[in-house]
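**Q** So here's entry.txt, just compact mmCIF, C-alpha atoms and all ligand atoms:
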```txt
# COMPACT_ATOMS: atom_id res chain seq x y z
CA MET A 91 0.00 0.00 0.00
CA PRO A 92 1.38 3.45 -0.90
CA VAL A 93 0.45 5.11 2.43
CA VAL A 94 2.17 3.87 5.56
CA PHE A 95 1.20 4.79 9.12
CA GLU A 96 3.46 5.03 12.11
CA PHE A 97 2.67 5.35 15.79
CA PRO A 98 5.04 5.90 18.68
CA ARG A 99 3.88 2.92 20.68
CA THR A 100 2.88 -0.52 19.49
CA ASP A 101 3.18 -3.83 21.29
CA PHE A 102 5.72 -6.62 20.60
CA ALA A 103 3.53 -7.86 17.75
CA GLY A 104 3.18 -4.41 16.21
CA ARG A 105 -0.38 -4.04 17.44
CA LEU A 106 -1.79 -0.65 18.34
CA PHE A 107 -3.99 -0.22 21.42
CA ILE A 108 -5.46 3.17 22.20
CA GLY A 109 -8.15 4.76 24.36
CA TRP A 110 -9.65 8.24 24.69
CA THR A 111 -6.35 10.09 25.05
CA PRO A 112 -5.29 11.60 21.70
CA ILE A 113 -2.16 10.10 20.21
CA ARG A 114 0.08 11.44 17.50
CA GLY A 115 0.53 9.37 14.38
CA THR A 116 2.11 9.97 11.01
CA ALA A 117 1.23 9.02 7.45
CA ARG A 118 3.65 9.07 4.54
CA LEU A 119 3.78 8.23 0.87
CA THR A 120 6.03 5.37 -0.22
CA ASP A 121 5.36 5.20 -3.96
CA SER A 122 6.05 8.65 -5.33
CA ASN A 123 8.83 9.25 -7.86
CA ASP A 124 8.32 12.99 -7.79
CA PRO A 125 9.57 14.78 -4.66
CA PHE A 126 7.43 17.80 -5.56
CA GLU A 127 4.23 15.82 -5.84
CA ARG A 128 1.57 16.59 -3.23
CA ARG A 129 -1.12 13.98 -2.84
CA GLU A 130 -4.40 14.72 -1.11
CA ILE A 131 -5.65 11.89 1.04
CA ILE A 132 -8.51 11.37 3.48
CA LEU A 133 -8.22 9.43 6.72
CA ARG A 134 -11.44 7.74 7.73
CA ASN A 135 -12.94 4.90 9.73
CA ALA A 136 -13.15 1.52 8.03
CA GLY A 137 -13.84 -0.65 11.08
CA TRP A 138 -17.18 -2.14 12.06
CA GLN A 139 -17.14 -1.51 15.81
CA GLY A 140 -14.49 0.79 17.21
CA ARG A 141 -14.64 4.35 15.90
CA LEU A 142 -11.97 7.02 15.79
CA TRP A 143 -11.85 10.73 15.46
CA PHE A 144 -9.01 12.53 13.71
CA ALA A 145 -7.51 16.02 13.90
CA ASP A 146 -4.48 17.70 12.36
CA SER A 147 -3.32 19.22 15.60
CA TYR A 148 -3.64 18.35 19.25
CA ALA A 149 -5.82 21.36 20.01
CA ASP A 150 -8.23 20.86 17.14
CA GLU A 151 -11.73 19.56 17.42
CA GLY A 152 -11.84 15.99 16.16
CA ALA A 153 -13.88 14.73 13.21
CA SER A 154 -14.60 11.33 11.73
CA GLU A 155 -12.55 12.21 8.63
CA LEU A 156 -9.37 14.17 8.08
CA ARG A 157 -7.84 15.51 4.89
CA LEU A 158 -4.04 15.44 4.68
CA THR A 159 -1.57 16.48 2.01
CA LEU A 160 1.32 14.03 1.73
CA PRO A 161 4.52 15.17 0.02
CA GLY A 162 6.14 13.09 -2.71
CA ASP A 163 9.48 12.98 -0.92
CA GLY A 164 7.99 10.50 1.55
CA SER A 165 8.35 12.66 4.62
CA PRO A 166 5.78 11.88 7.31
CA VAL A 167 2.80 14.13 7.99
CA GLU A 168 1.51 14.33 11.53
CA PHE A 169 -2.07 13.84 12.64
CA TRP A 170 -3.89 13.18 15.90
CA MET A 171 -6.51 10.62 16.71
CA ALA A 172 -8.35 8.95 19.57
CA GLY A 173 -11.20 6.60 20.18
CA GLU A 174 -14.67 8.11 20.03
CA LEU A 175 -16.41 8.01 23.40
CA MET A 176 -18.85 5.10 23.77
CA MET A 177 -17.56 3.65 20.48
CA ALA A 178 -14.82 1.41 21.83
CA SER A 179 -13.70 -1.86 20.31
CA GLU A 180 -14.88 -5.31 21.19
CA ARG A 181 -11.80 -7.00 19.79
CA TYR A 182 -8.54 -6.22 18.02
CA GLY A 183 -8.97 -5.01 14.45
CA ASP A 184 -12.59 -3.91 14.64
CA ALA A 185 -11.28 -0.35 14.47
CA ILE A 186 -9.43 0.47 11.26
CA ILE A 187 -7.90 3.67 9.94
CA GLU A 188 -8.17 3.83 6.19
CA ALA A 189 -6.33 6.25 3.91
CA VAL A 190 -8.07 6.91 0.60
CA ASP A 191 -7.30 9.15 -2.34
CA ALA A 192 -9.20 12.43 -1.85
CA ASN A 193 -10.28 12.52 -5.49
CA ASP A 194 -11.32 9.00 -6.41
CA PHE A 195 -11.49 7.41 -2.93
CA SER A 196 -9.24 4.55 -3.99
CA PRO A 197 -7.72 2.77 -0.97
CA LEU A 198 -4.13 3.73 -0.20
CA GLY A 199 -3.43 2.12 3.16
CA THR A 200 -4.92 0.80 6.39
CA GLN A 201 -3.98 0.34 10.02
CA SER A 202 -5.88 -1.99 12.33
CA LEU A 203 -6.09 -1.25 16.01
CA MET A 204 -8.11 -1.72 19.16
CA ILE A 205 -9.80 0.99 21.20
CA ARG A 206 -9.36 -0.82 24.49
CA VAL A 207 -11.30 0.56 27.46
CA ARG A 208 -12.95 -0.77 30.58
CA LYS A 209 -16.65 -1.47 30.14
CA ASP A 210 -19.82 -2.03 32.11
CA ALA A 211 -19.91 -5.73 33.01
CA ASN A 212 -23.67 -5.82 32.66
CA THR A 213 -23.66 -4.73 29.02
CA MET A 214 -20.43 -6.22 27.69
CA THR A 215 -20.88 -8.86 25.01
CA ALA A 216 -20.71 -12.60 25.70
CA PHE A 217 -17.51 -12.65 23.65
CA GLU A 218 -15.87 -10.02 25.86
CA ARG A 219 -17.17 -11.67 29.01
CA ASP A 220 -15.83 -15.10 28.13
CA ARG A 221 -12.39 -13.83 27.23
CA PHE A 222 -12.22 -11.93 30.52
CA LEU A 223 -13.29 -15.00 32.50
CA SER A 224 -10.90 -17.25 30.71
CA THR A 225 -7.90 -15.02 31.52
CA LEU A 226 -9.04 -14.85 35.15
CA GLY A 227 -9.22 -18.63 35.31
CA ILE A 228 -5.71 -18.91 33.89
CA LEU A 229 -4.37 -16.33 36.34
CA ASN A 230 -5.85 -18.31 39.21
CA GLY A 231 -4.57 -21.62 37.84
CA ARG A 232 -6.56 -23.65 40.39
CA GLY A 233 -4.74 -21.90 43.18
CA PHE A 234 -1.26 -22.28 41.68
CA GLY A 235 -1.30 -19.21 39.44
CA ARG A 236 -0.06 -15.69 39.81
CA PHE A 237 -3.40 -14.66 41.32
CA THR A 238 -2.21 -15.96 44.69
CA GLU A 239 0.25 -13.09 44.97
CA ILE A 240 -2.34 -10.55 43.89
CA ARG A 241 -4.74 -11.87 46.47
CA ASP A 242 -2.01 -11.64 49.14
CA MET A 243 -1.53 -7.93 48.45
CA HIS A 244 -4.98 -7.24 49.89
CA GLN A 245 -4.94 -8.75 53.37
CA ASN A 246 -5.57 -7.51 56.87
CA TYR A 247 -1.91 -6.52 57.02
CA SER A 248 -2.47 -4.25 53.99
CA ASN A 249 -4.99 -2.17 55.86
CA GLY A 250 -2.84 0.81 56.80
CA GLU A 251 -1.54 1.10 53.23
CA ALA A 252 -4.83 0.80 51.43
CA HIS A 253 -7.71 1.85 53.64
CA GLY A 254 -9.01 4.55 55.91
CA ASN A 255 -6.60 7.16 54.62
CA SER A 256 -5.86 9.45 51.68
CA ALA A 257 -4.37 6.84 49.36
CA PHE A 258 -7.40 4.58 49.45
CA LEU A 259 -8.24 5.53 45.87
CA PRO A 260 -4.69 5.64 44.41
CA TRP A 261 -3.74 2.37 46.09
CA HIS A 262 -6.74 0.51 44.71
CA ARG A 263 -6.22 2.11 41.29
CA ALA A 264 -2.76 0.58 41.21
CA PHE A 265 -4.01 -2.72 42.60
CA ILE A 266 -6.67 -3.33 39.97
CA LEU A 267 -4.32 -2.07 37.25
CA ASP A 268 -1.80 -4.69 38.36
CA LEU A 269 -4.44 -7.39 37.95
CA GLU A 270 -5.63 -6.01 34.61
CA ARG A 271 -2.09 -6.00 33.24
CA GLU A 272 -1.63 -9.60 34.32
CA LEU A 273 -4.81 -10.47 32.43
CA GLN A 274 -3.59 -8.54 29.39
CA ALA A 275 -0.30 -10.43 29.46
CA ILE A 276 -2.44 -13.54 28.88
CA ASP A 277 -4.78 -11.92 26.35
CA ALA A 278 -4.02 -8.36 25.27
CA GLU A 279 -7.61 -7.74 24.18
CA VAL A 280 -9.04 -8.11 27.69
CA THR A 281 -9.87 -5.27 30.06
CA LEU A 282 -11.25 -5.33 33.59
CA PRO A 283 -14.99 -4.64 33.47
CA TYR A 284 -16.71 -2.65 36.20
CA TRP A 285 -19.76 -3.67 38.19
CA ARG A 286 -22.11 -0.72 38.70
CA PHE A 287 -23.33 -1.52 42.19
CA ASP A 288 -25.99 1.19 42.01
CA ALA A 289 -27.80 -0.31 39.03
CA PRO A 290 -29.41 -3.69 38.34
CA ALA A 291 -26.86 -6.10 36.86
CA PRO A 292 -28.90 -9.20 36.01
CA ASN A 293 -26.34 -10.25 33.38
CA VAL A 294 -23.50 -10.30 35.90
CA PHE A 295 -25.03 -12.58 38.53
CA THR A 296 -25.61 -15.56 36.28
CA ARG A 297 -24.15 -19.04 36.01
CA ASP A 298 -22.13 -18.07 32.98
CA PHE A 299 -20.62 -14.87 34.40
CA MET A 300 -19.93 -14.26 38.10
CA GLY A 301 -22.09 -17.11 39.34
CA VAL A 302 -25.22 -17.47 41.46
CA ASN A 303 -25.95 -18.28 45.10
CA ASP A 304 -26.42 -21.82 46.25
CA ASP A 305 -27.74 -22.98 49.61
CA VAL A 306 -24.39 -23.12 51.39
CA GLY A 307 -23.04 -19.84 50.07
CA ILE A 308 -20.58 -21.19 47.51
CA VAL A 309 -21.03 -19.53 44.13
CA GLN A 310 -22.33 -21.86 41.40
CA PHE A 311 -21.31 -21.78 37.74
CA ASN A 312 -22.24 -23.65 34.61
CA PRO A 313 -20.10 -26.77 34.03
CA GLY A 314 -16.93 -25.84 32.19
CA HIS A 315 -16.96 -22.25 33.44
CA PRO A 316 -13.37 -20.89 33.73
CA LEU A 317 -13.91 -20.07 37.41
CA GLU A 318 -15.41 -23.42 38.46
CA ASN A 319 -12.06 -24.53 39.87
CA TRP A 320 -11.28 -21.20 41.51
CA VAL A 321 -8.97 -21.81 44.47
CA THR A 322 -7.69 -19.28 47.00
CA ASP A 323 -5.89 -19.95 50.27
CA SER A 324 -6.08 -23.68 49.39
CA GLN A 325 -9.88 -23.58 49.42
CA LEU A 326 -12.01 -24.50 46.42
CA GLY A 327 -14.84 -22.18 45.52
CA ILE A 328 -15.94 -18.60 46.02
CA LEU A 329 -17.78 -17.89 49.24
CA ARG A 330 -20.44 -15.34 48.38
CA ARG A 331 -24.08 -14.91 49.12
CA MET A 332 -25.94 -11.92 47.80
CA VAL A 333 -28.20 -10.13 50.24
CA PHE A 334 -30.07 -8.49 47.38
CA ASP A 335 -32.16 -9.63 44.45
CA PRO A 336 -29.87 -10.07 41.41
CA ASN A 337 -32.49 -8.34 39.28
CA ASN A 338 -32.18 -5.19 41.37
CA ALA A 339 -29.32 -3.07 42.61
CA PRO A 340 -28.26 -3.63 46.21
CA SER A 341 -30.05 -1.20 48.52
CA GLY A 342 -26.97 -0.10 50.49
CA PRO A 343 -24.67 1.77 48.09
CA ILE A 344 -25.62 5.35 47.25
CA SER A 345 -26.08 6.07 43.57
CA GLU A 346 -23.47 7.36 41.18
CA PHE A 347 -25.35 10.64 41.00
CA GLU A 348 -25.28 11.05 44.78
CA THR A 349 -21.60 10.11 44.87
CA LEU A 350 -20.62 12.67 42.26
CA ALA A 351 -23.06 15.51 42.90
CA LEU A 352 -21.85 18.64 44.64
CA GLY A 353 -24.54 18.11 47.22
CA GLY A 354 -23.04 14.68 47.91
CA PHE A 355 -19.34 14.52 48.70
CA GLY A 356 -18.54 17.79 47.00
CA ASN A 357 -15.61 18.82 44.88
CA THR A 358 -12.63 18.46 47.20
CA TYR A 359 -10.69 15.23 47.60
CA ARG A 360 -10.88 15.48 51.37
CA ASP A 361 -14.65 15.20 51.10
CA PHE A 362 -14.81 12.85 48.14
CA ILE A 363 -12.70 10.25 49.91
CA GLY A 364 -15.79 9.75 52.06
CA LEU A 365 -16.95 7.36 49.36
CA GLU A 366 -14.80 4.71 51.04
CA GLY A 367 -17.68 4.15 53.46
CA ASN A 368 -20.64 4.44 51.15
CA PRO A 369 -20.89 3.43 48.35
CA HIS A 370 -17.62 1.41 48.52
CA GLY A 371 -18.07 -0.28 51.90
CA SER A 372 -21.80 -0.63 51.38
CA ALA A 373 -21.18 -2.43 48.10
CA HIS A 374 -18.83 -4.87 49.87
CA VAL A 375 -21.37 -5.74 52.54
CA SER A 376 -24.12 -6.32 50.02
CA PHE A 377 -22.72 -9.85 50.20
CA ARG A 378 -21.86 -12.32 52.89
CA GLY A 379 -18.70 -14.31 52.38
CA PHE A 380 -15.30 -13.23 51.12
CA LEU A 381 -16.32 -9.75 50.00
CA ALA A 382 -17.62 -8.70 53.38
CA ASN A 383 -14.18 -8.61 55.07
CA ILE A 384 -10.99 -6.79 54.13
CA GLY A 385 -8.79 -9.84 54.72
CA SER A 386 -10.78 -12.10 52.42
CA ALA A 387 -12.40 -9.69 49.93
CA ALA A 388 -9.77 -10.08 47.20
CA ARG A 389 -10.32 -13.85 47.16
CA ASP A 390 -13.51 -13.16 45.21
CA PRO A 391 -12.87 -12.07 41.61
CA LEU A 392 -15.95 -9.85 41.85
CA PHE A 393 -13.80 -7.66 44.13
CA PHE A 394 -11.93 -6.35 41.11
CA MET A 395 -15.10 -5.45 39.23
CA LEU A 396 -16.48 -3.72 42.32
CA HIS A 397 -13.26 -1.75 42.67
CA ALA A 398 -13.17 -0.94 38.98
CA ASN A 399 -16.43 0.88 39.60
CA VAL A 400 -15.07 2.69 42.66
CA ASP A 401 -12.13 3.72 40.50
CA ARG A 402 -14.43 4.78 37.70
CA LEU A 403 -16.36 6.97 40.14
CA TRP A 404 -13.08 8.64 41.08
CA ALA A 405 -12.20 9.05 37.40
CA LYS A 406 -15.58 10.57 36.65
CA TRP A 407 -15.33 12.91 39.63
CA GLN A 408 -11.85 13.92 38.46
CA TRP A 409 -13.27 14.72 35.04
CA LEU A 410 -16.31 16.61 36.38
CA HIS A 411 -14.28 18.84 38.67
CA ALA A 412 -10.89 18.96 36.88
CA ARG A 413 -9.07 17.08 39.63
CA HIS A 414 -5.97 15.57 38.03
CA ASP A 415 -3.34 18.07 39.16
CA ARG A 416 -1.18 16.91 42.04
CA ALA A 417 -0.43 20.52 42.94
CA ARG A 418 -4.02 21.23 43.89
CA GLN A 419 -5.22 20.36 47.39
CA ALA A 420 -8.71 19.88 46.04
CA ALA A 421 -7.43 17.09 43.78
CA TYR A 422 -5.48 15.22 46.44
CA THR A 423 -5.19 15.87 50.15
CA PRO A 424 -2.40 14.08 52.02
CA PRO A 425 -3.10 12.98 55.58
CA PHE A 426 -2.45 15.43 58.42
CA PHE A 427 0.20 13.32 60.09
CA GLY A 428 1.78 12.15 56.89
CA ARG A 429 1.45 8.38 57.27
CA VAL A 430 3.99 6.99 54.80
CA GLY A 431 2.32 5.59 51.69
CA HIS A 432 -0.27 8.36 51.58
CA ASN A 433 1.79 11.41 50.64
CA LEU A 434 1.99 12.39 46.99
CA ASP A 435 5.59 11.31 46.43
CA ASP A 436 5.49 8.19 48.59
CA SER A 437 5.89 4.95 46.73
CA MET A 438 3.16 2.49 47.50
CA TRP A 439 3.46 -0.86 49.22
CA PRO A 440 3.72 -3.70 48.21
CA TRP A 441 5.10 -2.72 44.81
CA ASN A 442 8.02 -0.90 46.45
CA GLY A 443 8.98 -3.97 48.46
CA ALA A 444 9.07 -1.92 51.68
CA THR A 445 8.82 -4.02 54.84
CA PHE A 446 10.03 -1.54 57.43
CA PRO A 447 7.42 -0.35 59.98
CA PRO A 448 4.84 1.08 59.70
CA ARG A 449 4.71 -0.94 56.47
CA PRO A 450 3.68 -4.59 56.77
CA THR A 451 6.48 -7.06 57.44
CA LEU A 452 6.11 -8.68 54.03
CA ALA A 453 5.46 -7.32 50.56
CA PRO A 454 3.90 -9.94 48.30
CA GLY A 455 3.80 -9.80 44.54
CA GLY A 456 6.84 -7.76 43.57
CA ALA A 457 6.79 -4.85 41.16
CA LEU A 458 3.71 -3.60 39.35
CA ALA A 459 3.15 -5.50 36.12
CA ALA A 460 4.48 -3.80 33.00
CA SER A 461 2.29 -2.75 30.10
CA GLN A 462 2.87 -3.02 26.36
CA VAL A 463 1.05 0.26 25.92
CA THR A 464 2.86 2.59 28.31
CA ASP A 465 5.92 2.84 30.55
CA LEU A 466 3.93 4.43 33.34
CA PRO A 467 3.73 4.26 36.25
CA GLY A 468 6.85 2.08 36.37
CA PRO A 469 7.49 -0.84 38.71
CA GLN A 470 7.13 1.12 41.97
CA PRO A 471 4.22 3.53 41.61
CA THR A 472 3.83 6.62 43.76
CA VAL A 473 0.55 8.03 44.97
CA ALA A 474 0.79 11.03 42.63
CA GLN A 475 1.35 8.85 39.58
CA MET A 476 -2.15 7.46 39.92
CA MET A 477 -3.85 10.82 39.58
CA ASP A 478 -3.57 11.80 35.92
CA TYR A 479 -4.19 8.30 34.58
CA ALA A 480 -5.28 9.51 31.11
CA ASN A 481 -2.69 12.27 30.83
CA VAL A 482 -5.29 15.01 30.57
CA ARG A 483 -2.66 17.49 31.75
CA GLY A 484 0.13 16.30 29.52
CA GLY A 485 -1.24 17.75 26.32
CA GLU A 486 0.92 17.32 23.29
CA ASP A 487 4.15 16.94 25.23
CA LEU A 488 3.38 13.30 25.98
CA PRO A 489 1.57 12.04 22.92
CA SER A 490 1.48 8.38 23.80
CA GLY A 491 3.49 7.52 26.84
CA GLY A 492 1.78 9.67 29.40
CA THR A 493 -1.18 7.49 30.34
CA LEU A 494 -1.56 4.48 32.59
CA GLY A 495 -3.14 2.63 29.67
CA PHE A 496 -6.72 2.37 30.87
CA TRP A 497 -9.89 4.34 30.27
CA TYR A 498 -13.57 3.95 31.15
CA ASP A 499 -16.17 3.70 28.45
CA ASP A 500 -18.23 6.59 29.83
CA VAL A 501 -15.56 8.91 31.22
CA PRO A 502 -14.48 11.40 28.54
CA TYR A 503 -10.99 12.67 27.91
CA GLN A 504 -10.84 16.41 28.35
CA HIS A 505 -7.61 18.35 28.43
CA GLU A 506 -7.10 20.05 31.79
CA ALA A 507 -5.23 23.34 31.58
CA GLU A 508 -2.81 24.85 34.09
CA ASP A 509 -5.43 26.82 35.95
CA GLY A 510 -7.67 23.78 36.26
CA GLU A 511 -10.07 25.08 33.64
CA LEU A 512 -11.43 22.41 31.34
CA LEU A 513 -10.73 22.84 27.67
CA GLY A 514 -11.76 21.19 24.46
CU CU B 601 -9.53 -2.66 49.72
```
Starting from the file, give its structure as structure tokens.
Ligand SMILES: [Cu+2]
**A**
Amino acid sequence: MPVVFEFPRTDFAGRLFIGWTPIRGTARLTDSNDPFERREIILRNAGWQGRLWFADSYADEGASELRLTLPGDGSPVEFWMAGELMMASERYGDAIIEAVDANDFSPLGTQSLMIRVRKDANTMTAFERDRFLSTLGILNGRGFGRFTEIRDMHQNYSNGEAHGNSAFLPWHRAFILDLERELQAIDAEVTLPYWRFDAPAPNVFTRDFMGVNDDVGIVQFNPGHPLENWVTDSQLGILRRMVFDPNNAPSGPISEFETLALGGFGNTYRDFIGLEGNPHGSAHVSFRGFLANIGSAARDPLFFMLHANVDRLWAKWQWLHARHDRARQAAYTPPFFGRVGHNLDDSMWPWNGATFPPRPTLAPGGALAASQVTDLPGPQPTVAQMMDYANVRGGEDLPSGGTLGFWYDDVPYQHEAEDGELLG
């Protein structure tokens, strides 16, 4: 094909995964014999699921098509693109950039990719659901897999690092990201779905997804389900009994609207962190079994979907109130007495391996899993590194490497300027 695309960051197999954060790409001509030729092309969507928008500069409003003029000398021409909100991919290659001739629309080149974002577990497709479950089952490996270490990171001894203090949200953001990256190392097309605990999720509490209650409180699955041999702490099965009707939302957790509204927790982090009690804690105790206690909660894979929603609420609150800047007290408030692990520049346990008091005496799991999509936050994340997960403050300085590599299907990307004003 005469038009070739290039992007700063692809995985080991040359695959391109993006989200809502704009990335810079280039297109160039490879077949011209005339260095003074200028060929008009159009970039457009040719996929059947994931949809992109394009722009010729970072600051420009995106559109579903973009006209570019490529010089005959083969030098690359820059453009910007991102996934279109709510139009994410289901699988790799269902989003395609196509370059066509601006005059006769003849095809000149394509690039397949995936717009990979976290989705609502209740509305994800059976295909997405089964891939997610299958990676989870592999990670658990009947109790012999890497999941054991992930589970051990969230124990009673983790309490002072992860709960009841400022870094509750950053710590759990890193924790579920660690799990998601482990899943993606097994299948790069998987993301961690979120369970909206304030809305009915009848498709989640089924025998082919997260299982249903039985009489003794062990979750039941269809035969052959990837989680049917789930083992944690040498015990087979997931102890969970719902105390709500699976066709309704649990009655405890306050709604997303109440969580995010100014009349709810308000627009400062100090107040917003109150969500640790309700809805977060209330969602946990909507069940008996593993989820109801800190020391056992992470034995239930539903934990990670519950926490993906807590994290999504934080992400949405950050977007609503422009709260990604570490320099602003309203975006992050360290604790009064500076408990280590909760200040902006503190590295977080267990990824930092710290075992000196007041940290726990052991640090399971090692470094945070790496990503094919980004170098951030590195093996030993700090509290502050969790804040601007989509690089809304980076602008064009960090075209691809500035994100943590995850997005939520309903949380938009919006550039946040120096003064905290929202742009774009
Ligand atoms: Cu927790």
**Q** Could you list, as a PDB file with C-alpha atoms, keeping the file's coordinate frame, all residues that come within 12 Å of ligand CU 601 (chain B)? Count only C-alpha atoms and all ligand atoms.
**A**
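Result file part14.pdb:
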```
ATOM      1  CA  ARG A 241      -4.740 -11.870  46.470  1.00  0.00           C
ATOM      2  CA  ASP A 242      -2.010 -11.640  49.140  1.00  0.00           C
ATOM      3  CA  MET A 243      -1.530  -7.930  48.450  1.00  0.00           C
ATOM      4  CA  HIS A 244      -4.980  -7.240  49.890  1.00  0.00           C
ATOM      5  CA  GLN A 245      -4.940  -8.750  53.370  1.00  0.00           C
ATOM      6  CA  ASN A 246      -5.570  -7.510  56.870  1.00  0.00           C
ATOM      7  CA  TYR A 247      -1.910  -6.520  57.020  1.00  0.00           C
ATOM      8  CA  SER A 248      -2.470  -4.250  53.990  1.00  0.00           C
ATOM      9  CA  ASN A 249      -4.990  -2.170  55.860  1.00  0.00           C
ATOM     10  CA  GLY A 250      -2.840   0.810  56.800  1.00  0.00           C
ATOM     11  CA  GLU A 251      -1.540   1.100  53.230  1.00  0.00           C
ATOM     12  CA  ALA A 252      -4.830   0.800  51.430  1.00  0.00           C
ATOM     13  CA  HIS A 253      -7.710   1.850  53.640  1.00  0.00           C
ATOM     14  CA  GLY A 254      -9.010   4.550  55.910  1.00  0.00           C
ATOM     15  CA  ASN A 255      -6.600   7.160  54.620  1.00  0.00           C
ATOM     16  CA  ALA A 257      -4.370   6.840  49.360  1.00  0.00           C
ATOM     17  CA  PHE A 258      -7.400   4.580  49.450  1.00  0.00           C
ATOM     18  CA  LEU A 259      -8.240   5.530  45.870  1.00  0.00           C
ATOM     19  CA  PRO A 260      -4.690   5.640  44.410  1.00  0.00           C
ATOM     20  CA  TRP A 261      -3.740   2.370  46.090  1.00  0.00           C
ATOM     21  CA  HIS A 262      -6.740   0.510  44.710  1.00  0.00           C
ATOM     22  CA  ARG A 263      -6.220   2.110  41.290  1.00  0.00           C
ATOM     23  CA  ALA A 264      -2.760   0.580  41.210  1.00  0.00           C
ATOM     24  CA  PHE A 265      -4.010  -2.720  42.600  1.00  0.00           C
ATOM     25  CA  ILE A 266      -6.670  -3.330  39.970  1.00  0.00           C
ATOM     26  CA  GLU A 366     -14.800   4.710  51.040  1.00  0.00           C
ATOM     27  CA  GLY A 367     -17.680   4.150  53.460  1.00  0.00           C
ATOM     28  CA  HIS A 370     -17.620   1.410  48.520  1.00  0.00           C
ATOM     29  CA  GLY A 371     -18.070  -0.280  51.900  1.00  0.00           C
ATOM     30  CA  ALA A 373     -21.180  -2.430  48.100  1.00  0.00           C
ATOM     31  CA  HIS A 374     -18.830  -4.870  49.870  1.00  0.00           C
ATOM     32  CA  LEU A 381     -16.320  -9.750  50.000  1.00  0.00           C
ATOM     33  CA  ALA A 382     -17.620  -8.700  53.380  1.00  0.00           C
ATOM     34  CA  ASN A 383     -14.180  -8.610  55.070  1.00  0.00           C
ATOM     35  CA  ILE A 384     -10.990  -6.790  54.130  1.00  0.00           C
ATOM     36  CA  GLY A 385      -8.790  -9.840  54.720  1.00  0.00           C
ATOM     37  CA  SER A 386     -10.780 -12.100  52.420  1.00  0.00           C
ATOM     38  CA  ALA A 387     -12.400  -9.690  49.930  1.00  0.00           C
ATOM     39  CA  ALA A 388      -9.770 -10.080  47.200  1.00  0.00           C
ATOM     40  CA  ARG A 389     -10.320 -13.850  47.160  1.00  0.00           C
ATOM     41  CA  PHE A 393     -13.800  -7.660  44.130  1.00  0.00           C
ATOM     42  CA  PHE A 394     -11.930  -6.350  41.110  1.00  0.00           C
ATOM     43  CA  LEU A 396     -16.480  -3.720  42.320  1.00  0.00           C
ATOM     44  CA  HIS A 397     -13.260  -1.750  42.670  1.00  0.00           C
ATOM     45  CA  ALA A 398     -13.170  -0.940  38.980  1.00  0.00           C
ATOM     46  CA  VAL A 400     -15.070   2.690  42.660  1.00  0.00           C
ATOM     47  CA  ASP A 401     -12.130   3.720  40.500  1.00  0.00           C
TER      48      ASP A 401
END
```
**Q** Using all atoms listed in the file, which residue out of A:Val93, A:Val167, A:Leu350, A:Val473 lies closest to Arg114 of chain A?
**A** A:Val167
**Q** Write out as a Markdown table the residues of segment 321-365 of chain A that have any atom within 12 Å of an atom of segment 275-286 of chain A, one row each with the nearest atom pair and its distance in Å to one decimal, counting all atoms listed in the file, sorted by chain and then rising number.
**A**
```
| residue | atom | partner | partner_atom | distance |
| --- | --- | --- | --- | --- |
| A:Asn338 | CA | A:Arg286 | CA | 11.3 |
| A:Ala339 | CA | A:Arg286 | CA | 8.5 |
| A:Pro340 | CA | A:Arg286 | CA | 10.1 |
| A:Pro343 | CA | A:Arg286 | CA | 10.0 |
| A:Ile344 | CA | A:Arg286 | CA | 11.1 |
| A:Ser345 | CA | A:Arg286 | CA | 9.3 |
| A:Glu346 | CA | A:Arg286 | CA | 8.6 |
```
**Q** Counting all atoms listed in the file, give me one row per residue of segment 365-413 of chain A with an atom at most 10 Å from an atom of segment 204-220 of chain A, showing the shortest contact pair and its distance in Å to one decimal, sorted by chain then residue number, as CSV.
**A**
```
residue,atom,partner,partner_atom,distance
A:Met395,CA,A:Ala211,CA,7.9
A:Ala398,CA,A:Arg208,CA,8.4
A:Asn399,CA,A:Asp210,CA,8.7
A:Arg402,CA,A:Arg208,CA,9.1
```
**Q** Return the single residue from A:Ala474, A:Ala351, A:Val333, A:Ile131 that is closest to Asn433 of chain A, with distances computed using all atoms listed in the file.
**A**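 Of the candidates, the smallest distance to Asn433 of chain A is held by A:Ala474.
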**Q** Could you tell me how far atom CA of Phe427 of chain A sits from atom CA of Pro447 of chain A, in Å to one decimal place?
**A**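 Calculated distance between atom CA of Pro447 of chain A and atom CA of Phe427 of chain A is 15.5 Å.
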**Q** By how many Å are atom CA of Asp499 of chain A and atom CA of Arg418 of chain A apart?
**A**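 Straight-line distance from atom CA of Asp499 of chain A to atom CA of Arg418 of chain A works out to 26.3 Å.
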**Q** What is the atom CA of Glu180 of chain A-atom CA of Thr111 of chain A distance in Å, reported with one decimal?
**A**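 Rounded to one decimal, the two atoms are 18.0 Å apart.
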**Q** Excluding segment 228-237 of chain A and residues on its chain fewer than 6 positions from it, collect all residues at most 9 Å away from it, counting only C-alpha atoms, and give them as a compact mmCIF listing (two decimals) with C-alpha atoms, in the frame of the given file.
**A**
```txt
# COMPACT_ATOMS: atom_id res chain seq x y z
CA LEU A 269 -4.44 -7.39 37.95
CA GLU A 272 -1.63 -9.60 34.32
CA LEU A 273 -4.81 -10.47 32.43
CA ILE A 276 -2.44 -13.54 28.88
CA PRO A 316 -13.37 -20.89 33.73
CA LEU A 317 -13.91 -20.07 37.41
CA ASN A 319 -12.06 -24.53 39.87
CA TRP A 320 -11.28 -21.20 41.51
CA VAL A 321 -8.97 -21.81 44.47
CA THR A 322 -7.69 -19.28 47.00
CA ASP A 323 -5.89 -19.95 50.27
CA SER A 324 -6.08 -23.68 49.39
CA GLN A 325 -9.88 -23.58 49.42
CA LEU A 326 -12.01 -24.50 46.42
CA GLY A 455 3.80 -9.80 44.54
```
